[in-house]
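Chemist: Okay, so here is structure_13.cif, and as you'll see once you scroll down, it has mmCIF, C-alpha atoms.
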```cif
data_entry
#
loop_
_atom_site.label_atom_id
_atom_site.label_comp_id
_atom_site.auth_asym_id
_atom_site.auth_seq_id
_atom_site.Cartn_x
_atom_site.Cartn_y
_atom_site.Cartn_z
CA MET A 235 183.34 -33.12 -96.04
CA SER A 236 183.83 -34.90 -99.37
CA LYS A 237 181.59 -32.40 -101.23
CA PHE A 238 183.51 -29.47 -99.72
CA PHE A 239 186.76 -31.11 -100.74
CA ASP A 240 185.52 -31.72 -104.30
CA THR A 241 184.03 -28.27 -104.87
CA THR A 242 186.46 -26.07 -102.92
CA MET A 243 189.66 -27.76 -101.83
CA ARG A 244 190.48 -29.73 -104.98
CA PRO A 245 190.20 -26.72 -107.35
CA MET A 246 192.30 -24.69 -104.91
CA ILE A 247 195.01 -27.36 -104.72
CA THR A 248 195.15 -27.88 -108.49
CA ALA A 249 195.42 -24.11 -108.99
CA VAL A 250 198.49 -24.20 -106.74
CA ALA A 251 200.12 -26.58 -109.20
CA ALA A 252 200.25 -23.80 -111.81
CA SER A 253 202.06 -21.33 -109.54
CA GLU A 254 205.80 -21.20 -110.20
CA ARG A 255 206.35 -19.14 -107.04
CA ILE A 256 204.64 -21.71 -104.81
CA LYS A 257 206.43 -24.51 -106.65
CA GLU A 258 209.86 -22.99 -106.03
CA THR A 259 209.07 -22.30 -102.37
CA SER A 260 207.69 -25.80 -101.78
CA GLN A 261 210.69 -27.49 -103.37
CA ARG A 262 213.00 -25.68 -100.93
CA LEU A 263 211.10 -26.75 -97.81
CA THR A 264 212.58 -29.73 -96.01
CA VAL A 265 209.18 -30.72 -94.62
CA THR A 266 207.69 -30.84 -98.13
CA ARG A 267 210.47 -33.11 -99.31
CA ARG A 268 209.90 -35.39 -96.33
CA VAL A 269 206.21 -35.75 -97.20
CA VAL A 270 207.01 -36.26 -100.88
CA GLU A 271 209.07 -39.32 -99.93
CA ARG A 272 205.81 -41.02 -99.08
CA PHE A 273 204.73 -40.85 -102.74
CA VAL A 274 208.09 -40.68 -104.57
CA PRO A 275 210.95 -42.96 -103.48
CA GLY A 276 213.64 -40.59 -104.70
CA GLU A 277 215.13 -38.53 -107.49
CA THR A 278 217.77 -40.92 -108.85
CA GLU A 279 217.82 -44.13 -110.82
CA GLU A 280 219.39 -45.87 -107.81
CA ASP A 281 216.45 -44.78 -105.66
CA VAL A 282 213.84 -46.20 -108.00
CA LEU A 283 215.77 -49.43 -108.61
CA ALA A 284 215.71 -50.08 -104.86
CA ALA A 285 211.93 -49.46 -104.81
CA ILE A 286 211.47 -51.80 -107.77
CA ARG A 287 213.38 -54.60 -106.03
CA ASP A 288 211.38 -54.14 -102.84
CA SER A 289 208.08 -54.33 -104.73
CA LEU A 290 209.10 -57.38 -106.77
CA GLY A 291 210.27 -59.04 -103.57
CA ASN A 292 206.77 -58.58 -102.16
CA GLY A 293 205.19 -60.31 -105.16
CA LEU A 294 204.05 -57.08 -106.83
CA SER A 295 204.43 -55.92 -110.42
CA VAL A 296 205.66 -52.38 -111.12
CA THR A 297 205.24 -49.53 -113.58
CA ILE A 298 207.88 -46.79 -113.45
CA ASP A 299 207.36 -43.14 -114.32
CA HIS A 300 210.32 -40.82 -114.82
CA LEU A 301 208.64 -37.64 -113.65
CA GLY A 302 208.36 -34.66 -115.97
CA GLU A 303 205.81 -33.16 -118.34
CA ASP A 304 205.25 -30.13 -120.56
CA THR A 305 208.84 -30.27 -121.84
CA SER A 306 209.78 -26.98 -123.45
CA ASP A 307 212.99 -27.85 -125.30
CA ASP A 308 214.40 -30.66 -127.42
CA ALA A 309 217.33 -31.25 -125.09
CA GLN A 310 215.07 -31.92 -122.11
CA ALA A 311 213.02 -34.40 -124.16
CA ALA A 312 216.24 -36.16 -125.17
CA ARG A 313 217.35 -36.35 -121.53
CA THR A 314 214.04 -37.96 -120.62
CA VAL A 315 214.50 -40.58 -123.33
CA ASP A 316 218.04 -41.25 -122.10
CA ALA A 317 216.74 -41.70 -118.54
CA TYR A 318 214.25 -44.31 -119.73
CA LEU A 319 216.84 -46.13 -121.85
CA SER A 320 219.22 -46.30 -118.90
CA LEU A 321 216.47 -47.54 -116.60
CA LEU A 322 215.36 -50.18 -119.11
CA GLU A 323 218.90 -51.48 -119.36
CA GLU A 324 218.94 -51.96 -115.58
CA MET A 325 215.48 -53.55 -115.54
CA SER A 326 216.37 -56.06 -118.25
CA GLY A 327 218.30 -58.28 -115.87
CA MET A 328 215.76 -58.40 -113.06
CA SER A 329 214.02 -61.59 -111.99
CA THR A 330 210.28 -61.17 -111.51
CA PRO A 331 207.56 -63.02 -109.58
CA THR A 332 205.26 -63.23 -112.62
CA PRO A 333 205.51 -62.67 -116.40
CA ASN A 334 205.17 -59.05 -117.57
CA ALA A 335 205.80 -57.73 -114.06
CA LEU A 336 207.97 -54.87 -115.36
CA GLU A 337 206.55 -51.82 -117.10
CA VAL A 338 207.39 -48.18 -117.71
CA SER A 339 204.88 -45.33 -118.03
CA VAL A 340 205.72 -42.39 -120.28
CA LYS A 341 204.09 -39.00 -120.79
CA LEU A 342 204.11 -37.68 -124.34
CA THR A 343 204.59 -34.08 -123.24
CA ALA A 344 207.77 -35.18 -121.46
CA LEU A 345 208.95 -36.60 -124.79
CA GLY A 346 208.37 -33.37 -126.72
CA GLN A 347 204.71 -33.46 -127.76
CA MET A 348 204.18 -29.78 -126.98
CA LEU A 349 207.35 -28.47 -128.63
CA PRO A 350 206.44 -25.66 -131.03
CA ARG A 351 207.92 -27.27 -134.14
CA HIS A 352 207.19 -30.89 -135.04
CA GLY A 353 206.20 -31.76 -131.46
CA ARG A 354 204.10 -34.75 -132.40
CA LYS A 355 206.81 -36.13 -134.71
CA ILE A 356 209.47 -35.79 -132.01
CA ALA A 357 207.27 -37.41 -129.35
CA GLU A 358 206.33 -40.28 -131.63
CA GLU A 359 209.95 -40.96 -132.56
CA ASN A 360 210.91 -40.91 -128.89
CA VAL A 361 208.10 -43.33 -128.03
CA HIS A 362 209.36 -45.71 -130.72
CA SER A 363 212.90 -45.54 -129.25
CA ILE A 364 211.64 -46.34 -125.74
CA CYS A 365 209.33 -49.11 -126.99
CA ALA A 366 212.12 -50.78 -128.98
CA ALA A 367 214.42 -50.79 -125.95
CA ALA A 368 211.60 -51.98 -123.69
CA GLU A 369 210.71 -54.86 -126.00
CA ALA A 370 214.37 -55.96 -126.04
CA ALA A 371 214.44 -55.78 -122.23
CA GLY A 372 211.18 -57.67 -121.74
CA VAL A 373 209.45 -54.60 -120.27
CA LEU A 374 205.97 -53.33 -121.11
CA VAL A 375 205.19 -49.70 -122.00
CA THR A 376 202.08 -47.63 -121.22
CA ILE A 377 201.47 -44.12 -122.55
CA ASP A 378 200.27 -42.11 -119.56
CA ALA A 379 197.30 -39.73 -119.39
CA GLU A 380 197.58 -35.97 -119.22
CA ASP A 381 194.99 -33.20 -119.50
CA HIS A 382 192.08 -33.40 -121.92
CA ALA A 383 193.70 -31.21 -124.57
CA THR A 384 196.27 -33.93 -125.31
CA VAL A 385 193.90 -36.91 -125.54
CA ASP A 386 193.12 -36.97 -129.27
CA GLU A 387 196.75 -36.79 -130.32
CA ARG A 388 197.87 -39.25 -127.61
CA LEU A 389 195.35 -41.88 -128.64
CA ASP A 390 196.22 -41.38 -132.30
CA ILE A 391 199.90 -41.99 -131.51
CA VAL A 392 198.94 -45.07 -129.48
CA ARG A 393 196.97 -46.46 -132.43
CA THR A 394 199.93 -45.86 -134.74
CA VAL A 395 202.54 -47.44 -132.48
CA ARG A 396 200.33 -50.43 -131.65
CA ARG A 397 200.45 -51.50 -135.29
CA ASP A 398 204.06 -52.52 -134.66
CA LEU A 399 203.81 -53.11 -130.89
CA PRO A 400 200.36 -54.44 -129.92
CA SER A 401 201.39 -54.72 -126.26
CA LEU A 402 201.57 -50.92 -125.92
CA GLY A 403 199.03 -49.72 -123.38
CA THR A 404 197.50 -46.38 -122.52
CA VAL A 405 195.37 -44.69 -119.87
CA LEU A 406 191.73 -43.66 -119.99
CA GLN A 407 190.34 -41.31 -117.34
CA ALA A 408 186.75 -42.06 -116.31
CA TYR A 409 185.93 -38.47 -115.39
CA LEU A 410 186.22 -37.33 -119.01
CA ARG A 411 182.82 -37.39 -120.69
CA ARG A 412 184.27 -39.06 -123.78
CA THR A 413 185.87 -42.01 -122.02
CA GLU A 414 183.06 -44.56 -122.34
CA ASP A 415 183.36 -44.34 -126.13
CA ASP A 416 187.16 -44.62 -125.93
CA CYS A 417 186.79 -47.71 -123.75
CA ARG A 418 184.61 -49.37 -126.37
CA GLU A 419 187.15 -48.73 -129.10
CA PHE A 420 190.18 -49.99 -127.21
CA ALA A 421 188.41 -52.92 -125.59
CA GLU A 422 187.41 -54.06 -129.07
CA SER A 423 190.98 -53.70 -130.35
CA GLY A 424 192.43 -55.83 -127.54
CA ALA A 425 194.52 -53.08 -125.96
CA ARG A 426 196.02 -52.89 -122.50
CA ILE A 427 194.05 -50.09 -120.81
CA ARG A 428 194.68 -48.52 -117.41
CA LEU A 429 191.35 -47.10 -116.21
CA CYS A 430 191.63 -44.41 -113.54
CA LYS A 431 189.23 -41.79 -112.20
CA GLY A 432 191.32 -38.80 -113.31
CA ALA A 433 193.66 -36.37 -111.59
CA TYR A 434 193.81 -33.15 -113.65
CA ALA A 435 191.74 -29.99 -113.23
CA GLU A 436 189.32 -30.00 -116.16
CA PRO A 437 186.41 -27.76 -117.24
CA PRO A 438 182.90 -29.16 -116.62
CA THR A 439 182.22 -29.16 -120.35
CA VAL A 440 184.64 -32.07 -120.81
CA ALA A 441 184.76 -33.76 -117.39
CA PHE A 442 182.61 -34.67 -114.42
CA ALA A 443 183.63 -32.84 -111.24
CA ASP A 444 181.36 -34.39 -108.62
CA ARG A 445 182.75 -37.49 -106.90
CA THR A 446 179.44 -39.38 -107.27
CA GLN A 447 179.29 -38.63 -110.99
CA ILE A 448 182.88 -39.81 -111.44
CA ASP A 449 182.10 -43.08 -109.64
CA GLU A 450 179.03 -43.52 -111.83
CA ALA A 451 181.16 -42.96 -114.93
CA PHE A 452 183.90 -45.35 -113.78
CA LEU A 453 181.66 -48.41 -113.40
CA PRO A 454 180.28 -48.65 -116.97
CA CYS A 455 183.78 -48.02 -118.34
CA LEU A 456 185.09 -50.85 -116.18
CA ARG A 457 182.30 -53.15 -117.38
CA ILE A 458 183.14 -52.40 -121.02
CA LEU A 459 186.82 -53.21 -120.45
CA MET A 460 186.14 -56.40 -118.48
CA LYS A 461 183.72 -57.62 -121.16
CA GLY A 462 186.07 -56.71 -124.02
CA ASN A 463 189.05 -58.33 -125.71
CA GLY A 464 191.80 -56.34 -124.03
CA TYR A 465 193.67 -56.37 -120.74
CA PRO A 466 192.02 -54.12 -118.11
CA MET A 467 194.25 -52.41 -115.55
CA VAL A 468 192.05 -51.15 -112.71
CA ALA A 469 193.82 -48.13 -111.26
CA SER A 470 191.90 -47.37 -108.07
CA HIS A 471 192.33 -47.48 -104.30
CA ASP A 472 188.57 -47.20 -103.80
CA PRO A 473 187.21 -50.32 -102.04
CA MET A 474 183.96 -50.04 -104.02
CA MET A 475 185.83 -50.10 -107.35
CA ILE A 476 188.09 -52.92 -106.20
CA GLY A 477 185.03 -54.97 -105.25
CA ALA A 478 183.31 -54.14 -108.54
CA ALA A 479 186.39 -55.26 -110.48
CA HIS A 480 186.30 -58.67 -108.78
CA GLU A 481 182.58 -59.06 -109.46
CA LEU A 482 182.93 -58.13 -113.13
CA ALA A 483 185.96 -60.38 -113.60
CA ALA A 484 183.91 -63.27 -112.23
CA GLU A 485 180.88 -62.34 -114.36
CA PHE A 486 182.90 -62.36 -117.57
CA GLY A 487 185.04 -65.38 -116.66
CA ARG A 488 188.35 -63.54 -116.57
CA ALA A 489 191.36 -65.53 -115.39
CA PRO A 490 193.60 -63.89 -112.74
CA ASP A 491 196.31 -63.21 -115.33
CA SER A 492 193.93 -61.48 -117.78
CA TRP A 493 193.57 -58.25 -115.76
CA GLU A 494 195.20 -56.46 -112.83
CA HIS A 495 194.88 -53.94 -110.05
CA GLN A 496 197.11 -50.85 -110.10
CA MET A 497 197.86 -48.67 -107.09
CA LEU A 498 200.21 -45.81 -106.33
CA TYR A 499 203.46 -46.15 -104.45
CA GLY A 500 202.94 -45.27 -100.80
CA ILE A 501 199.13 -45.47 -100.82
CA ARG A 502 197.24 -48.41 -99.26
CA THR A 503 200.36 -50.56 -99.20
CA ASP A 504 198.71 -53.11 -96.91
CA GLU A 505 195.86 -53.52 -99.38
CA GLN A 506 198.31 -54.03 -102.23
CA LEU A 507 199.96 -56.87 -100.32
CA ARG A 508 196.61 -58.37 -99.29
CA LEU A 509 195.34 -58.48 -102.86
CA ALA A 510 198.60 -59.99 -104.12
CA GLY A 511 198.49 -62.55 -101.32
CA ASP A 512 194.98 -63.53 -102.43
CA GLY A 513 196.28 -64.34 -105.91
CA HIS A 514 195.41 -61.11 -107.73
CA ARG A 515 197.92 -59.36 -109.95
CA VAL A 516 198.82 -55.99 -108.42
CA ARG A 517 201.04 -53.40 -110.10
CA VAL A 518 202.53 -50.47 -108.18
CA TYR A 519 202.97 -47.14 -109.98
CA ILE A 520 206.39 -45.89 -108.85
CA PRO A 521 207.44 -42.37 -109.91
CA TYR A 522 210.93 -40.93 -109.51
CA GLY A 523 212.95 -37.93 -110.56
CA ARG A 524 213.52 -34.28 -109.77
CA GLU A 525 210.28 -33.04 -111.37
CA TRP A 526 208.10 -34.36 -108.54
CA TYR A 527 206.10 -31.20 -107.77
CA GLY A 528 203.20 -31.63 -110.22
CA TYR A 529 202.77 -35.29 -109.31
CA PHE A 530 202.84 -34.46 -105.59
CA VAL A 531 200.15 -31.77 -105.91
CA ARG A 532 197.87 -34.12 -107.86
CA ARG A 533 198.19 -36.70 -105.07
CA LEU A 534 197.14 -34.06 -102.53
CA ALA A 535 194.15 -33.15 -104.71
CA GLU A 536 192.91 -36.73 -104.90
CA ARG A 537 191.94 -37.46 -101.29
CA PRO A 538 191.29 -35.47 -98.09
CA ALA A 539 193.45 -37.98 -96.20
CA ASN A 540 196.51 -36.98 -98.23
CA VAL A 541 196.00 -33.31 -97.37
CA THR A 542 195.56 -34.18 -93.69
CA PHE A 543 198.81 -36.13 -93.80
CA PHE A 544 200.64 -33.13 -95.31
CA LEU A 545 199.15 -30.59 -92.88
CA ARG A 546 200.05 -32.74 -89.89
CA ALA A 547 203.63 -32.86 -91.07
CA LEU A 548 203.68 -29.08 -91.50
CA ALA A 549 202.29 -28.60 -87.98
CA ASP A 550 204.92 -30.84 -86.43
CA ARG A 551 208.22 -30.88 -88.28
CA ARG A 552 209.39 -33.63 -85.98
CA HIS A 553 206.59 -35.88 -87.28
CA PRO A 554 208.17 -39.11 -88.62
CA VAL A 555 206.91 -39.21 -92.20
CA THR A 556 207.16 -42.70 -93.67
CA ALA A 557 205.67 -44.63 -96.58
CA ALA A 558 203.94 -46.88 -94.05
CA GLU A 559 201.76 -44.02 -92.78
CA PRO A 560 198.11 -45.02 -93.40
CA ALA A 561 196.31 -43.22 -96.24
#
```
Can the structure from this file be put into structure tokens for me?
Modeler:
Amino acid sequence: MSKFFDTTMRPMITAVAASERIKETSQRLTVTRRVVERFVPGETEEDVLAAIRDSLGNGLSVTIDHLGEDTSDDAQAARTVDAYLSLLEEMSGMSTPTPNALEVSVKLTALGQMLPRHGRKIAEENVHSICAAAEAAGVLVTIDAEDHATVDERLDIVRTVRRDLPSLGTVLQAYLRRTEDDCREFAESGARIRLCKGAYAEPPTVAFADRTQIDEAFLPCLRILMKGNGYPMVASHDPMMIGAAHELAAEFGRAPDSWEHQMLYGIRTDEQLRLAGDGHRVRVYIPYGREWYGYFVRRLAERPANVTFFLRALADRRHPVTAAEPA
């Protein structure tokens, strides 16, 4: 089943993400919106603030993503920055269960990276604005991953901004063939690195497609980060990777506050609470906003269980879709 999902279903689902017609139809369907609520707590700042408070109250850390990518005009990029600045102002007064429990994740294409004129300059200026406000609010910032075509410029911007803000983190995706080398560089530099398997449709020339190959790529990357000078953020729901992270942390003598688990909002919630209860730092990735479609499709493409959950809801529109539904 997993091989069929990897070779047939995942490419089909990710292709759907590029269809504007399917996107518009899906966004109008009430049943789609009900399923989306499992992965996205809402579209407004008030919605995400409630989710933040709930997570903090359960002893979890959070990272917040204002959804949106591939911004096509300056005004939209400016609105994204304004949304982050408003959110950071609200987050600044929150009490947290542990230090550095608050973080925001930002995508450079949402900040203007792909704009036809001076896209990099605009994105970099916008990152500096968000980072300055976040530092004043006591909130961390991580530059999120996107498809492989953006990696070189993203990492170059991260290097530049980290000269003034060493706490800035970024994401490395294990399924990209280049990632082991990137892990070595950033582990040496002491960076905060979120290591995930990868969620974008990529050509086989730049990325592994087979699930076994991706797992085999993840483990050496994780070892490099755990052995290095930085702060590893292990973004996986996979029990094998969770177990490997604990073994490597013990092997390299890492204290509980020198690395963390990261998991997605609405997925394996019980496991998040169990790990936190056992004394591990766990950060929940909480997205919000109106541009939820691309994020939603990538969640479907990650695991057969997510597709099953969606199809069951489509088959029975009376099905009570909740965030507590098992993944």
Chemist: If you take every atom of range 354-361 of chain A that the file lists and fit an axis-aligned box around them with 5 Å extra on each side, what centre and edge lengths come out in Å to one decimal, as lines of an AutoDock Vina configuration file?
Modeler:
```
center_x = 207.5
center_y = -39.0
center_z = -131.4
size_x = 16.8
size_y = 18.6
size_z = 16.7
```
Chemist: For Val395 in chain A, which residue among A:Val373, A:Cys365, A:Ala344, A:Asp416 is the nearest when counting only C-alpha atoms?
Modeler: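 Among the listed residues, A:Cys365 lies closest to Val395 in chain A.
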Chemist: I need the residue nearest Ser363 in chain A from this list: A:Ala483, A:Leu399, A:Val518, A:Ile298. Use all atoms listed in the file for the distance.
Modeler: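 Answer, going by the shortest atom-to-atom distance: A:Leu399.
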Chemist: Using all atoms listed in the file, pick whichever of A:Gly464, A:Gly477, A:Pro490, A:Gly511 has the shortest atom-to-atom distance to Gly293 in chain A.
Modeler: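 For Gly293 in chain A, the nearest of the given residues is A:Gly511.
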Chemist: List as a PyMOL selection string the protein and nucleic acid residues near range 423-428 of chain A, meaning an atom at most 7 Å away when only C-alpha atoms are counted, but skip any in the same chain fewer than 5 places from it.
Modeler: chain A and resi 401-406+463-469
Chemist: Tell me which of A:Thr314, A:Thr278, A:Asn334, A:Ser329 sits closest to Trp493 in chain A, counting all atoms listed in the file.
Modeler: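 Ranking A:Thr314, A:Thr278, A:Asn334, A:Ser329 by distance to Trp493 in chain A, first place goes to A:Asn334.
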Chemist: Quick check on the file I pasted: which residues fall under the PyMOL selection byres ((chain A and resi 524) around 9)? Write them as a ChimeraX atom specification.
Modeler: /A:276-278,300-302,522-523,525-527
Chemist: Could you spell out the hits of the PyMOL selection byres ((chain A and resi 448) around 10) on the shown file, as number ranges by chain?
Modeler: A: 407-411, 431-432, 441-447, 449-453
Chemist: Which distance in Å separates CA of His480 in chain A and CA of His514 in chain A, to one decimal?
Modeler: 9.5 Å
Chemist: Could you state the separation of CA of Met460 in chain A and CA of Ala421 in chain A in Å, given to one decimal place?
Modeler: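 Separation of CA of Met460 in chain A and CA of Ala421 in chain A: 8.2 Å.
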Chemist: May I ask for the distance between CA of His362 in chain A and CA of Val296 in chain A, given in Å to one decimal place?
Modeler: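 Atom-to-atom, CA of His362 in chain A and CA of Val296 in chain A are spaced 21.0 Å apart.
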Chemist: In terms of the shortest atom-to-atom distance over all atoms listed in the file, which of A:Ala285, A:Ala489, A:Val340, A:Ala335 is closest to Phe273 in chain A?
Modeler: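 Using all atoms listed in the file, the shortest distance to Phe273 in chain A belongs to A:Ala285.
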Chemist: Please provide the set of residues having any atom within 10 Å of Ser295 in chain A, restricted to only C-alpha atoms, with same-chain residues fewer than 6 positions apart removed, written as a list in words.
Modeler: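 My reading of the contact set: Ile286, Ser289, Thr330, Pro331, Thr332, Pro333, Asn334, Ala335, Leu336, Glu337, Glu494, His495, Gln496, Ala510, Arg515, Val516, Arg517, Val518 and Tyr519 of chain A.
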Chemist: With distances taken over all atoms listed in the file, which residue among A:Pro437, A:Gly327, A:Gly528, A:Gly372 lies nearest Arg287 in chain A?
Modeler: A:Gly327
Chemist: Apply the PyMOL selection byres ((chain A and resi 359) around 12) to the displayed file and report the matching residues as a list in words.
Modeler: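 Expected selection for the PyMOL selection byres ((chain A and resi 359) around 12) here is Ala311, Ala312, Val315, Leu342, Leu345, Gly346, Gln347, His352, Gly353, Arg354, Lys355, Ile356, Ala357, Glu358, Asn360, Val361, His362, Ser363, Ile364, Cys365, Ala366, Ile391, Thr394 and Val395 of chain A.
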Chemist: Which neighbours of Pro275 in chain A fall inside 9 Å, counting all atoms listed in the file, when residues of the same chain fewer than 5 positions from it are skipped, and could you give them as an mmCIF file with C-alpha atoms, in the frame of the given file?
Modeler:
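Okay, part_6.cif is ready:
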```
data_model
loop_
_atom_site.group_PDB
_atom_site.id
_atom_site.type_symbol
_atom_site.label_atom_id
_atom_site.label_comp_id
_atom_site.auth_asym_id
_atom_site.auth_seq_id
_atom_site.Cartn_x
_atom_site.Cartn_y
_atom_site.Cartn_z
ATOM 1 C CA VAL A 270 207.010 -36.260 -100.880
ATOM 2 C CA ASP A 281 216.450 -44.780 -105.660
ATOM 3 C CA VAL A 282 213.840 -46.200 -108.000
ATOM 4 C CA ALA A 284 215.710 -50.080 -104.860
ATOM 5 C CA ALA A 285 211.930 -49.460 -104.810
ATOM 6 C CA TYR A 499 203.460 -46.150 -104.450
ATOM 7 C CA GLY A 500 202.940 -45.270 -100.800
ATOM 8 C CA ILE A 520 206.390 -45.890 -108.850
ATOM 9 C CA PRO A 521 207.440 -42.370 -109.910
ATOM 10 C CA TYR A 522 210.930 -40.930 -109.510
ATOM 11 C CA GLY A 523 212.950 -37.930 -110.560
ATOM 12 C CA ALA A 557 205.670 -44.630 -96.580
#
```
